[in-house]
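Below is coords_9.cif, holding mmCIF, C-alpha atoms and all ligand atoms.
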data_target
loop_
_atom_site.group_PDB
_atom_site.id
_atom_site.type_symbol
_atom_site.label_atom_id
_atom_site.label_comp_id
_atom_site.auth_asym_id
_atom_site.auth_seq_id
_atom_site.Cartn_x
_atom_site.Cartn_y
_atom_site.Cartn_z
ATOM 1 C CA MET A 1 0.000 0.000 0.000
ATOM 2 C CA ILE A 2 1.253 3.465 -0.892
ATOM 3 C CA ALA A 3 0.979 6.095 1.836
ATOM 4 C CA PRO A 4 2.361 9.526 2.623
ATOM 5 C CA THR A 5 5.327 9.371 4.968
ATOM 6 C CA SER A 6 7.606 11.700 6.888
ATOM 7 C CA ASP A 7 9.748 8.820 8.168
ATOM 8 C CA ALA A 8 13.264 9.921 7.158
ATOM 9 C CA VAL A 9 14.830 6.702 8.488
ATOM 10 C CA LEU A 10 12.537 4.556 6.344
ATOM 11 C CA LEU A 11 13.261 6.677 3.264
ATOM 12 C CA ALA A 12 17.016 6.465 3.841
ATOM 13 C CA ARG A 13 16.782 2.677 4.242
ATOM 14 C CA LEU A 14 14.848 2.298 0.981
ATOM 15 C CA HIS A 15 17.112 4.777 -0.853
ATOM 16 C CA ALA A 16 20.221 2.844 0.225
ATOM 17 C CA GLN A 17 18.819 -0.301 -1.397
ATOM 18 C CA CYS A 18 18.166 1.514 -4.682
ATOM 19 C CA PHE A 19 21.181 3.795 -5.225
ATOM 20 C CA SER A 20 24.953 3.379 -4.998
ATOM 21 C CA GLU A 21 25.318 6.729 -3.210
ATOM 22 C CA PRO A 22 22.823 6.659 -0.370
ATOM 23 C CA TRP A 23 21.204 9.750 1.125
ATOM 24 C CA SER A 24 21.227 9.915 4.930
ATOM 25 C CA ALA A 25 18.165 10.077 7.163
ATOM 26 C CA ASP A 26 19.267 13.612 8.089
ATOM 27 C CA SER A 27 19.199 14.583 4.390
ATOM 28 C CA PHE A 28 15.677 13.246 4.034
ATOM 29 C CA ALA A 29 14.589 15.020 7.230
ATOM 30 C CA ALA A 30 16.014 18.299 5.894
ATOM 31 C CA LEU A 31 14.297 17.801 2.516
ATOM 32 C CA LEU A 32 10.941 17.033 4.091
ATOM 33 C CA ALA A 33 11.210 20.157 6.236
ATOM 34 C CA ASN A 34 11.060 22.269 3.052
ATOM 35 C CA PRO A 35 7.617 23.733 2.385
ATOM 36 C CA GLY A 36 5.943 21.824 -0.456
ATOM 37 C CA CYS A 37 8.100 18.717 -0.145
ATOM 38 C CA PHE A 38 6.272 15.416 0.303
ATOM 39 C CA ALA A 39 7.140 11.709 0.229
ATOM 40 C CA LEU A 40 5.130 8.588 -0.474
ATOM 41 C CA ALA A 41 6.317 5.106 0.422
ATOM 42 C CA ALA A 42 5.294 1.522 -0.190
ATOM 43 C CA GLU A 43 6.885 -1.510 1.438
ATOM 44 C CA ASP A 44 9.488 -1.716 -1.340
ATOM 45 C CA GLY A 45 9.722 1.763 -2.817
ATOM 46 C CA PHE A 46 9.437 5.478 -2.325
ATOM 47 C CA ILE A 47 9.128 8.814 -4.096
ATOM 48 C CA VAL A 48 9.983 12.338 -2.938
ATOM 49 C CA VAL A 49 8.502 15.368 -4.709
ATOM 50 C CA GLN A 50 9.035 19.096 -4.309
ATOM 51 C CA VAL A 51 6.110 21.379 -5.139
ATOM 52 C CA VAL A 52 6.652 25.078 -5.851
ATOM 53 C CA LEU A 53 3.480 26.975 -6.772
ATOM 54 C CA ASP A 54 2.039 25.115 -9.801
ATOM 55 C CA GLN A 55 5.281 23.262 -10.663
ATOM 56 C CA SER A 56 6.773 20.111 -9.155
ATOM 57 C CA GLU A 57 9.937 18.079 -9.400
ATOM 58 C CA VAL A 58 10.625 14.441 -8.578
ATOM 59 C CA LEU A 59 13.649 14.565 -6.252
ATOM 60 C CA SER A 60 14.052 10.826 -5.869
ATOM 61 C CA LEU A 61 12.262 7.607 -6.821
ATOM 62 C CA GLY A 62 13.385 4.067 -6.144
ATOM 63 C CA VAL A 63 12.132 0.508 -5.896
ATOM 64 C CA THR A 64 14.217 -2.158 -4.179
ATOM 65 C CA PRO A 65 15.838 -4.592 -6.646
ATOM 66 C CA ALA A 66 13.798 -7.659 -5.675
ATOM 67 C CA ALA A 67 10.517 -5.786 -6.149
ATOM 68 C CA ARG A 68 11.176 -4.297 -9.596
ATOM 69 C CA ARG A 69 9.014 -4.844 -12.728
ATOM 70 C CA ARG A 70 5.871 -5.243 -10.650
ATOM 71 C CA GLY A 71 4.492 -1.792 -11.362
ATOM 72 C CA ILE A 72 5.471 -0.272 -8.000
ATOM 73 C CA ALA A 73 7.312 2.749 -9.441
ATOM 74 C CA SER A 74 4.417 3.376 -11.829
ATOM 75 C CA GLU A 75 2.008 3.344 -8.887
ATOM 76 C CA LEU A 76 4.237 5.631 -6.812
ATOM 77 C CA LEU A 77 4.642 8.116 -9.645
ATOM 78 C CA SER A 78 0.930 8.084 -10.475
ATOM 79 C CA ALA A 79 0.039 8.618 -6.813
ATOM 80 C CA ALA A 80 2.544 11.485 -6.565
ATOM 81 C CA ILE A 81 1.115 13.124 -9.695
ATOM 82 C CA LYS A 82 -2.368 12.829 -8.201
ATOM 83 C CA GLN A 83 -1.281 14.299 -4.875
ATOM 84 C CA ALA A 84 0.582 17.170 -6.525
ATOM 85 C CA ALA A 85 -2.345 17.823 -8.868
ATOM 86 C CA GLU A 86 -4.756 18.060 -5.966
ATOM 87 C CA CYS A 87 -2.652 20.997 -4.789
ATOM 88 C CA GLY A 88 -2.869 22.819 -8.109
ATOM 89 C CA VAL A 89 0.290 21.517 -9.768
ATOM 90 C CA ILE A 90 0.122 21.510 -13.571
ATOM 91 C CA THR A 91 3.638 20.384 -14.519
ATOM 92 C CA MET A 92 6.030 17.769 -13.172
ATOM 93 C CA PHE A 93 9.747 17.732 -14.000
ATOM 94 C CA LEU A 94 12.560 15.363 -13.232
ATOM 95 C CA GLU A 95 16.165 14.731 -14.102
ATOM 96 C CA VAL A 96 17.483 11.330 -15.046
ATOM 97 C CA ASP A 97 20.873 9.999 -16.079
ATOM 98 C CA CYS A 98 20.800 9.478 -19.861
ATOM 99 C CA SER A 99 22.187 5.954 -19.327
ATOM 100 C CA ASN A 100 19.395 4.955 -16.894
ATOM 101 C CA PHE A 101 17.320 3.075 -19.459
ATOM 102 C CA PRO A 102 14.862 1.437 -17.010
ATOM 103 C CA ALA A 103 13.949 4.810 -15.489
ATOM 104 C CA ILE A 104 13.695 6.555 -18.876
ATOM 105 C CA ALA A 105 11.423 3.760 -20.140
ATOM 106 C CA LEU A 106 9.251 4.121 -17.033
ATOM 107 C CA TYR A 107 8.947 7.893 -17.348
ATOM 108 C CA LYS A 108 8.207 7.871 -21.076
ATOM 109 C CA ARG A 109 5.565 5.209 -20.549
ATOM 110 C CA LEU A 110 3.903 7.498 -18.006
ATOM 111 C CA GLY A 111 3.833 10.423 -20.426
ATOM 112 C CA PHE A 112 7.038 12.314 -19.623
ATOM 113 C CA ALA A 113 8.807 13.877 -22.611
ATOM 114 C CA GLU A 114 12.380 15.053 -23.004
ATOM 115 C CA MET A 115 12.801 18.820 -22.831
ATOM 116 C CA GLY A 116 16.491 19.343 -22.141
ATOM 117 C CA ARG A 117 19.928 17.869 -21.508
ATOM 118 C CA ARG A 118 22.642 18.895 -19.044
ATOM 119 C CA LYS A 119 26.013 17.836 -20.376
ATOM 120 C CA ALA A 120 28.265 15.801 -18.030
ATOM 121 C CA TYR A 121 25.928 16.484 -15.106
ATOM 122 C CA TYR A 122 26.469 13.199 -13.220
ATOM 123 C CA THR A 123 29.720 11.593 -12.115
ATOM 124 C CA THR A 124 29.549 7.819 -11.668
ATOM 125 C CA PRO A 125 31.431 6.075 -8.812
ATOM 126 C CA ASP A 126 34.157 5.119 -11.349
ATOM 127 C CA GLY A 127 34.643 8.745 -12.377
ATOM 128 C CA GLN A 128 32.740 8.658 -15.700
ATOM 129 C CA ARG A 129 30.601 11.666 -16.610
ATOM 130 C CA SER A 130 27.136 11.348 -18.087
ATOM 131 C CA ASP A 131 24.435 13.742 -19.205
ATOM 132 C CA ALA A 132 21.218 14.448 -17.343
ATOM 133 C CA LEU A 133 17.996 14.460 -19.308
ATOM 134 C CA THR A 134 15.274 16.817 -18.124
ATOM 135 C CA LEU A 135 11.860 15.265 -18.591
ATOM 136 C CA CYS A 136 8.507 16.914 -18.123
ATOM 137 C CA THR A 137 4.823 16.045 -18.128
ATOM 138 C CA GLU A 138 1.742 18.246 -18.158
ATOM 139 C CA ILE A 139 -0.760 17.031 -15.585
ATOM 140 C CA PRO A 140 -4.247 16.478 -17.038
ATOM 141 C CA ALA A 141 -6.544 19.401 -16.141
ATOM 142 C CA ARG A 142 -9.202 17.013 -14.797
ATOM 143 C CA LEU A 143 -6.810 16.041 -11.961
ATOM 144 C CA VAL A 144 -5.821 19.568 -11.002
ATOM 145 C CA GLY A 145 -7.435 20.959 -7.882
ATOM 146 C CA ASN A 146 -6.941 24.157 -5.949
ATOM 147 C CA CYS A 147 -6.206 23.131 -2.382
ATOM 148 C CA VAL A 148 -3.915 25.095 -0.084
ATOM 149 C CA GLN A 149 -0.193 24.764 -0.918
ATOM 150 C CA LEU A 150 1.517 21.777 0.753
ATOM 151 C CA GLY A 151 3.740 22.383 3.742
HETATM 152 C C1 LIG B 1 13.579 2.807 -12.365
HETATM 153 C C2 LIG B 1 12.824 2.071 -11.266
HETATM 154 C C3 LIG B 1 12.290 3.066 -10.239
HETATM 155 C C4 LIG B 1 11.619 1.317 -11.923
HETATM 156 O O1 LIG B 1 10.861 0.704 -10.884
HETATM 157 P P1 LIG B 1 9.860 -0.495 -11.190
HETATM 158 O O2 LIG B 1 8.939 -0.631 -10.017
HETATM 159 O O3 LIG B 1 10.626 -1.691 -11.592
HETATM 160 O O4 LIG B 1 9.067 0.052 -12.458
HETATM 161 P P2 LIG B 1 7.681 -0.504 -13.002
HETATM 162 O O5 LIG B 1 7.518 -1.943 -12.643
HETATM 163 O O6 LIG B 1 6.595 0.428 -12.580
HETATM 164 O O7 LIG B 1 7.907 -0.392 -14.580
HETATM 165 C C5 LIG B 1 6.992 0.251 -15.428
HETATM 166 C C6 LIG B 1 7.519 0.224 -16.850
HETATM 167 O O8 LIG B 1 8.767 0.914 -16.937
HETATM 168 C C7 LIG B 1 9.623 0.253 -17.882
HETATM 169 N N1 LIG B 1 10.748 -0.386 -17.184
HETATM 170 C C8 LIG B 1 10.963 -0.473 -15.855
HETATM 171 N N2 LIG B 1 12.118 -1.128 -15.608
HETATM 172 C C9 LIG B 1 12.636 -1.470 -16.806
HETATM 173 C C10 LIG B 1 13.794 -2.167 -17.212
HETATM 174 N N3 LIG B 1 14.669 -2.666 -16.309
HETATM 175 N N4 LIG B 1 14.039 -2.320 -18.522
HETATM 176 C C11 LIG B 1 13.166 -1.836 -19.447
HETATM 177 N N5 LIG B 1 12.011 -1.176 -19.125
HETATM 178 C C12 LIG B 1 11.758 -0.989 -17.826
HETATM 179 C C13 LIG B 1 8.752 -0.828 -18.528
HETATM 180 O O9 LIG B 1 8.037 -0.223 -19.592
HETATM 181 C C14 LIG B 1 7.816 -1.160 -17.375
HETATM 182 O O10 LIG B 1 6.624 -1.772 -17.777
HETATM 183 P P3 LIG B 1 6.595 -3.388 -17.969
HETATM 184 O O11 LIG B 1 7.210 -4.009 -16.743
HETATM 185 O O12 LIG B 1 5.136 -3.682 -18.123
HETATM 186 O O13 LIG B 1 7.409 -3.655 -19.215
HETATM 187 C C15 LIG B 1 13.730 0.987 -10.576
HETATM 188 O O14 LIG B 1 14.352 0.223 -11.581
HETATM 189 C C16 LIG B 1 14.793 1.592 -9.662
HETATM 190 O O15 LIG B 1 14.525 1.853 -8.481
HETATM 191 N N6 LIG B 1 16.017 1.792 -10.195
HETATM 192 C C17 LIG B 1 17.142 2.340 -9.387
HETATM 193 C C18 LIG B 1 16.862 3.742 -8.906
HETATM 194 C C19 LIG B 1 16.578 4.675 -10.070
HETATM 195 O O16 LIG B 1 17.202 4.620 -11.126
HETATM 196 N N7 LIG B 1 15.611 5.590 -9.843
HETATM 197 C C20 LIG B 1 15.224 6.582 -10.833
HETATM 198 C C21 LIG B 1 16.179 7.718 -10.772
HETATM 199 S S1 LIG B 1 15.711 9.020 -11.904
#

Could I get this file's structure written as structure tokens?
Ligand SMILES: CC(C)(COP(=O)(O)OP(=O)(O)OC[C@H]1O[C@@H](n2cnc3c(N)ncnc32)[C@H](O)[C@@H]1OP(=O)(O)O)[C@@H](O)C(=O)NCCC(=O)NCCS
Amino acid sequence: MIAPTSDAVLLARLHAQCFSEPWSADSFAALLANPGCFALAAEDGFIVVQVVLDQSEVLSLGVTPAARRRGIASELLSAAIKQAAECGVITMFLEVDCSNFPAIALYKRLGFAEMGRRKAYYTTPDGQRSDALTLCTEIPARLVGNCVQLG
């Protein structure tokens, strides 16, 4: 089940299983203290989103290796879009490493389109540089509400 969470320790534990450079619980606590930042978690995955006025950005999304290809990231992203939309968000952005084919396939399947590229934005643990793609999706008007800003 996907639910909102402010549990920084849980998010750090999930993040560490998904990424080679883990974010600490303190980092998640600091992020979640920002106005407009929210997180959703399932047993095996999480998403963190920053909302600013009618724009939003996915700050992190991960599903633990054993739970992949079961639709969990799709559900997390869809739930995050719905939550952001309820607060008046009309656009969602994210950045993804151009070599991260699973994530790019996921995002494109959910309607994100490429709108920019940052050259040599990421450095891999072995020192290689790779570009970041900026992806964006317009949130369908039927989902967009006008509740009070998060945070
Ligand atoms: C990217 C990630 C979040 C996908 O999570 P997931 O729960 O496996 O994704 P889903 O099951 O919802 O996949 C939905 C669709 O995305 C695409 N997709 C996902 N993983 C894929 C893969 N390894 N290869 C090709 N397509 C893939 C497919 O179209 C898939 O649909 P299908 O399974 O019916 O073919 C997960 O692989 C992950 O946590 N990776 C490491 C962290 C990361 O890269 N996060 C994103 C940073 S921007």

Requested in this report: Could you pull out the residues sitting within 8 Å of ligand LIG 1 (chain B), using only C-alpha atoms and all ligand atoms, and write them as a ChimeraX atom specification?
Outcome: /A:18-19,45,60-65,67-75,94-97,100-107,109

Query - Residues matched by the PyMOL selection byres (((chain A and resi 59) around 7) and not hetatm), written as a PyMOL selection string - result: chain A and resi 48-50+57-58+60

Requested in this report: Please provide as a PyMOL selection string all residues within 9 Å of Thr134 (chain A), with the sequence filter that same-chain residues fewer than 4 positions apart are discarded (counting all atoms listed in the file).
Outcome: chain A and resi 93-96+113-118

Selection export as a CSV table (one decimal), in the frame of the given file, atoms kept: C-alpha atoms:
chain,number,residue,atom,x,y,z
A,93,PHE,CA,9.7,17.7,-14.0
A,94,LEU,CA,12.6,15.4,-13.2
A,95,GLU,CA,16.2,14.7,-14.1
A,96,VAL,CA,17.5,11.3,-15.0
A,113,ALA,CA,8.8,13.9,-22.6
A,114,GLU,CA,12.4,15.1,-23.0
A,115,MET,CA,12.8,18.8,-22.8
A,116,GLY,CA,16.5,19.3,-22.1
A,117,ARG,CA,19.9,17.9,-21.5
A,118,ARG,CA,22.6,18.9,-19.0

Query raised in the report: So how many Å separate CA of Gly145 (chain A) and CA of Ala80 (chain A), to one decimal?
Result: 13.8 Å

Considering all atoms listed in the file, give me a table of residues in region 8-120 of chain A that are at most 6 Å from region 137-140 of chain A, with the closest atom pair and distance in Å for each, as CSV.
residue,atom,partner,partner_atom,distance
A:Ile90,CA,A:Ile139,CA,5.0
A:Thr91,CA,A:Glu138,CA,4.6
A:Met92,CA,A:Thr137,CA,5.4
A:Phe112,CA,A:Thr137,CA,4.6

**Report entry** Who sits within 6 Å of Arg129 (chain A), all atoms listed in the file, same chain under 5 positions skipped, as a list of chain:residue names
**Finding:**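 Listed by chain and then number, they are A:Ala120, A:Tyr122, A:Thr123.
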
Please save C-alpha atoms of the selected residues as a compact mmCIF listing (two decimals), keeping the file's coordinate frame.
# COMPACT_ATOMS: atom_id res chain seq x y z
CA ALA A 120 28.26 15.80 -18.03
CA TYR A 122 26.47 13.20 -13.22
CA THR A 123 29.72 11.59 -12.12

Requested in this report: Carefully work through the PyMOL selection byres (((chain A and resi 85) around 10) and not hetatm) for this structure and note down the residues it includes, as a list in words.
Outcome: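 What the PyMOL selection byres (((chain A and resi 85) around 10) and not hetatm) grabs from the file is Val51, Asp54, Gln55, Ser56, Ala79, Ala80, Ile81, Lys82, Gln83, Ala84, Glu86, Cys87, Gly88, Val89, Ile90, Thr91, Met92, Ile139, Pro140, Ala141, Arg142, Leu143, Val144, Gly145, Asn146 and Cys147 of chain A.
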
Quick one: 3 Å padding each side, axis-aligned, all listed atoms of region 103-106 of chain A - centre and edge lengths in Å to one decimal, as lines of an AutoDock Vina configuration file?
center_x = 11.6
center_y = 5.2
center_z = -17.8
size_x = 10.7
size_y = 8.8
size_z = 10.7

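Note that CA of Asp126 (chain A) and CA of Ser20 (chain A) are 11.3 Å apart.
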
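We find CA of Ser24 (chain A) and CA of Asp7 (chain A) to be spaced 12.0 Å apart.
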
Matched chain/residue IDs from the PyMOL selection byres (((chain A and resi 31) around 12) and not hetatm), as a PDB file with C-alpha atoms, in the coordinates of the input:
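Below is the file out02.pdb, written as the result:
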ATOM      1  CA  SER A   6       7.606  11.700   6.888  1.00  0.00           C
ATOM      2  CA  ASP A   7       9.748   8.820   8.168  1.00  0.00           C
ATOM      3  CA  ALA A   8      13.264   9.921   7.158  1.00  0.00           C
ATOM      4  CA  LEU A  11      13.261   6.677   3.264  1.00  0.00           C
ATOM      5  CA  ALA A  12      17.016   6.465   3.841  1.00  0.00           C
ATOM      6  CA  TRP A  23      21.204   9.750   1.125  1.00  0.00           C
ATOM      7  CA  SER A  24      21.227   9.915   4.930  1.00  0.00           C
ATOM      8  CA  ALA A  25      18.165  10.077   7.163  1.00  0.00           C
ATOM      9  CA  ASP A  26      19.267  13.612   8.089  1.00  0.00           C
ATOM     10  CA  SER A  27      19.199  14.583   4.390  1.00  0.00           C
ATOM     11  CA  PHE A  28      15.677  13.246   4.034  1.00  0.00           C
ATOM     12  CA  ALA A  29      14.589  15.020   7.230  1.00  0.00           C
ATOM     13  CA  ALA A  30      16.014  18.299   5.894  1.00  0.00           C
ATOM     14  CA  LEU A  32      10.941  17.033   4.091  1.00  0.00           C
ATOM     15  CA  ALA A  33      11.210  20.157   6.236  1.00  0.00           C
ATOM     16  CA  ASN A  34      11.060  22.269   3.052  1.00  0.00           C
ATOM     17  CA  PRO A  35       7.617  23.733   2.385  1.00  0.00           C
ATOM     18  CA  GLY A  36       5.943  21.824  -0.456  1.00  0.00           C
ATOM     19  CA  CYS A  37       8.100  18.717  -0.145  1.00  0.00           C
ATOM     20  CA  PHE A  38       6.272  15.416   0.303  1.00  0.00           C
ATOM     21  CA  ALA A  39       7.140  11.709   0.229  1.00  0.00           C
ATOM     22  CA  VAL A  48       9.983  12.338  -2.938  1.00  0.00           C
ATOM     23  CA  VAL A  49       8.502  15.368  -4.709  1.00  0.00           C
ATOM     24  CA  GLN A  50       9.035  19.096  -4.309  1.00  0.00           C
ATOM     25  CA  VAL A  51       6.110  21.379  -5.139  1.00  0.00           C
ATOM     26  CA  LEU A  59      13.649  14.565  -6.252  1.00  0.00           C
ATOM     27  CA  SER A  60      14.052  10.826  -5.869  1.00  0.00           C
ATOM     28  CA  GLY A 151       3.740  22.383   3.742  1.00  0.00           C
TER      29      GLY A 151
END

**Report entry** Residue contacts of Cys98 (chain A) (6 Å, all atoms listed in the file) excluding same-chain residues fewer than 4 positions away, as a VMD selection string
**Finding:** chain A and resid 131 to 133

Query raised in the report: So, counting all atoms listed in the file, which residue among A:Leu110, A:Leu77, A:Leu135, A:Ala3 is closest to Leu40 (chain A)?
Result: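 Comparing A:Leu110, A:Leu77, A:Leu135, A:Ala3 against Leu40 (chain A), the winner is A:Ala3.
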
Kindly add all heavy atoms to the incomplete region 7-17 of chain A and provide the output as a PDB file, in the frame of the given file.
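Output file part.pdb follows:
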ATOM      1  N   ASP A   7       8.777   9.656   7.456  1.00  0.00           N
ATOM      2  CA  ASP A   7       9.748   8.820   8.168  1.00  0.00           C
ATOM      3  C   ASP A   7      11.088   8.850   7.409  1.00  0.00           C
ATOM      4  O   ASP A   7      11.309   8.081   6.461  1.00  0.00           O
ATOM      5  CB  ASP A   7       9.186   7.397   8.276  1.00  0.00           C
ATOM      6  CG  ASP A   7      10.067   6.493   9.118  1.00  0.00           C
ATOM      7  OD1 ASP A   7      11.254   6.824   9.314  1.00  0.00           O
ATOM      8  OD2 ASP A   7       9.571   5.448   9.550  1.00  0.00           O
ATOM      9  N   ALA A   8      11.985   9.728   7.846  1.00  0.00           N
ATOM     10  CA  ALA A   8      13.264   9.921   7.158  1.00  0.00           C
ATOM     11  C   ALA A   8      14.143   8.672   7.246  1.00  0.00           C
ATOM     12  O   ALA A   8      14.913   8.383   6.316  1.00  0.00           O
ATOM     13  CB  ALA A   8      13.994  11.124   7.756  1.00  0.00           C
ATOM     14  N   VAL A   9      14.016   7.916   8.330  1.00  0.00           N
ATOM     15  CA  VAL A   9      14.830   6.702   8.488  1.00  0.00           C
ATOM     16  C   VAL A   9      14.382   5.642   7.479  1.00  0.00           C
ATOM     17  O   VAL A   9      15.208   4.992   6.823  1.00  0.00           O
ATOM     18  CB  VAL A   9      14.738   6.176   9.941  1.00  0.00           C
ATOM     19  CG1 VAL A   9      15.416   4.818  10.078  1.00  0.00           C
ATOM     20  CG2 VAL A   9      15.359   7.190  10.910  1.00  0.00           C
ATOM     21  N   LEU A  10      13.076   5.497   7.333  1.00  0.00           N
ATOM     22  CA  LEU A  10      12.537   4.556   6.344  1.00  0.00           C
ATOM     23  C   LEU A  10      12.978   4.944   4.927  1.00  0.00           C
ATOM     24  O   LEU A  10      13.442   4.096   4.147  1.00  0.00           O
ATOM     25  CB  LEU A  10      10.999   4.563   6.416  1.00  0.00           C
ATOM     26  CG  LEU A  10      10.279   3.870   5.259  1.00  0.00           C
ATOM     27  CD1 LEU A  10      10.463   2.358   5.349  1.00  0.00           C
ATOM     28  CD2 LEU A  10       8.794   4.214   5.246  1.00  0.00           C
ATOM     29  N   LEU A  11      12.881   6.222   4.608  1.00  0.00           N
ATOM     30  CA  LEU A  11      13.261   6.677   3.264  1.00  0.00           C
ATOM     31  C   LEU A  11      14.740   6.428   3.006  1.00  0.00           C
ATOM     32  O   LEU A  11      15.133   5.986   1.916  1.00  0.00           O
ATOM     33  CB  LEU A  11      12.913   8.161   3.098  1.00  0.00           C
ATOM     34  CG  LEU A  11      11.406   8.461   3.068  1.00  0.00           C
ATOM     35  CD1 LEU A  11      11.150   9.959   3.214  1.00  0.00           C
ATOM     36  CD2 LEU A  11      10.765   7.928   1.790  1.00  0.00           C
ATOM     37  N   ALA A  12      15.575   6.691   4.008  1.00  0.00           N
ATOM     38  CA  ALA A  12      17.016   6.465   3.841  1.00  0.00           C
ATOM     39  C   ALA A  12      17.311   4.973   3.656  1.00  0.00           C
ATOM     40  O   ALA A  12      18.174   4.589   2.846  1.00  0.00           O
ATOM     41  CB  ALA A  12      17.771   7.012   5.051  1.00  0.00           C
ATOM     42  N   ARG A  13      16.568   4.125   4.366  1.00  0.00           N
ATOM     43  CA  ARG A  13      16.782   2.677   4.242  1.00  0.00           C
ATOM     44  C   ARG A  13      16.400   2.210   2.831  1.00  0.00           C
ATOM     45  O   ARG A  13      17.137   1.449   2.191  1.00  0.00           O
ATOM     46  CB  ARG A  13      15.945   1.942   5.301  1.00  0.00           C
ATOM     47  CG  ARG A  13      16.133   0.437   5.297  1.00  0.00           C
ATOM     48  CD  ARG A  13      15.458  -0.233   6.478  1.00  0.00           C
ATOM     49  NE  ARG A  13      14.035   0.001   6.568  1.00  0.00           N
ATOM     50  CZ  ARG A  13      13.115  -0.534   5.757  1.00  0.00           C
ATOM     51  NH1 ARG A  13      13.483  -1.334   4.783  1.00  0.00           N
ATOM     52  NH2 ARG A  13      11.832  -0.270   5.935  1.00  0.00           N
ATOM     53  N   LEU A  14      15.264   2.681   2.335  1.00  0.00           N
ATOM     54  CA  LEU A  14      14.848   2.298   0.981  1.00  0.00           C
ATOM     55  C   LEU A  14      15.814   2.862  -0.062  1.00  0.00           C
ATOM     56  O   LEU A  14      16.218   2.162  -1.002  1.00  0.00           O
ATOM     57  CB  LEU A  14      13.422   2.811   0.705  1.00  0.00           C
ATOM     58  CG  LEU A  14      12.300   2.114   1.471  1.00  0.00           C
ATOM     59  CD1 LEU A  14      10.987   2.883   1.335  1.00  0.00           C
ATOM     60  CD2 LEU A  14      12.115   0.673   0.986  1.00  0.00           C
ATOM     61  N   HIS A  15      16.202   4.130   0.109  1.00  0.00           N
ATOM     62  CA  HIS A  15      17.112   4.777  -0.853  1.00  0.00           C
ATOM     63  C   HIS A  15      18.430   3.999  -0.949  1.00  0.00           C
ATOM     64  O   HIS A  15      18.959   3.778  -2.053  1.00  0.00           O
ATOM     65  CB  HIS A  15      17.356   6.226  -0.417  1.00  0.00           C
ATOM     66  CG  HIS A  15      18.106   7.056  -1.408  1.00  0.00           C
ATOM     67  ND1 HIS A  15      19.475   6.986  -1.564  1.00  0.00           N
ATOM     68  CD2 HIS A  15      17.681   7.971  -2.322  1.00  0.00           C
ATOM     69  CE1 HIS A  15      19.853   7.824  -2.516  1.00  0.00           C
ATOM     70  NE2 HIS A  15      18.786   8.434  -2.987  1.00  0.00           N
ATOM     71  N   ALA A  16      18.932   3.553   0.205  1.00  0.00           N
ATOM     72  CA  ALA A  16      20.221   2.844   0.225  1.00  0.00           C
ATOM     73  C   ALA A  16      20.163   1.534  -0.551  1.00  0.00           C
ATOM     74  O   ALA A  16      21.184   1.054  -1.068  1.00  0.00           O
ATOM     75  CB  ALA A  16      20.639   2.577   1.667  1.00  0.00           C
ATOM     76  N   GLN A  17      18.964   0.952  -0.645  1.00  0.00           N
ATOM     77  CA  GLN A  17      18.819  -0.301  -1.397  1.00  0.00           C
ATOM     78  C   GLN A  17      18.699  -0.042  -2.903  1.00  0.00           C
ATOM     79  O   GLN A  17      18.804  -0.972  -3.695  1.00  0.00           O
ATOM     80  CB  GLN A  17      17.567  -1.056  -0.921  1.00  0.00           C
ATOM     81  CG  GLN A  17      17.684  -1.560   0.509  1.00  0.00           C
ATOM     82  CD  GLN A  17      16.388  -2.231   0.951  1.00  0.00           C
ATOM     83  OE1 GLN A  17      16.029  -3.296   0.456  1.00  0.00           O
ATOM     84  NE2 GLN A  17      15.694  -1.605   1.880  1.00  0.00           N
TER      85      GLN A  17
END
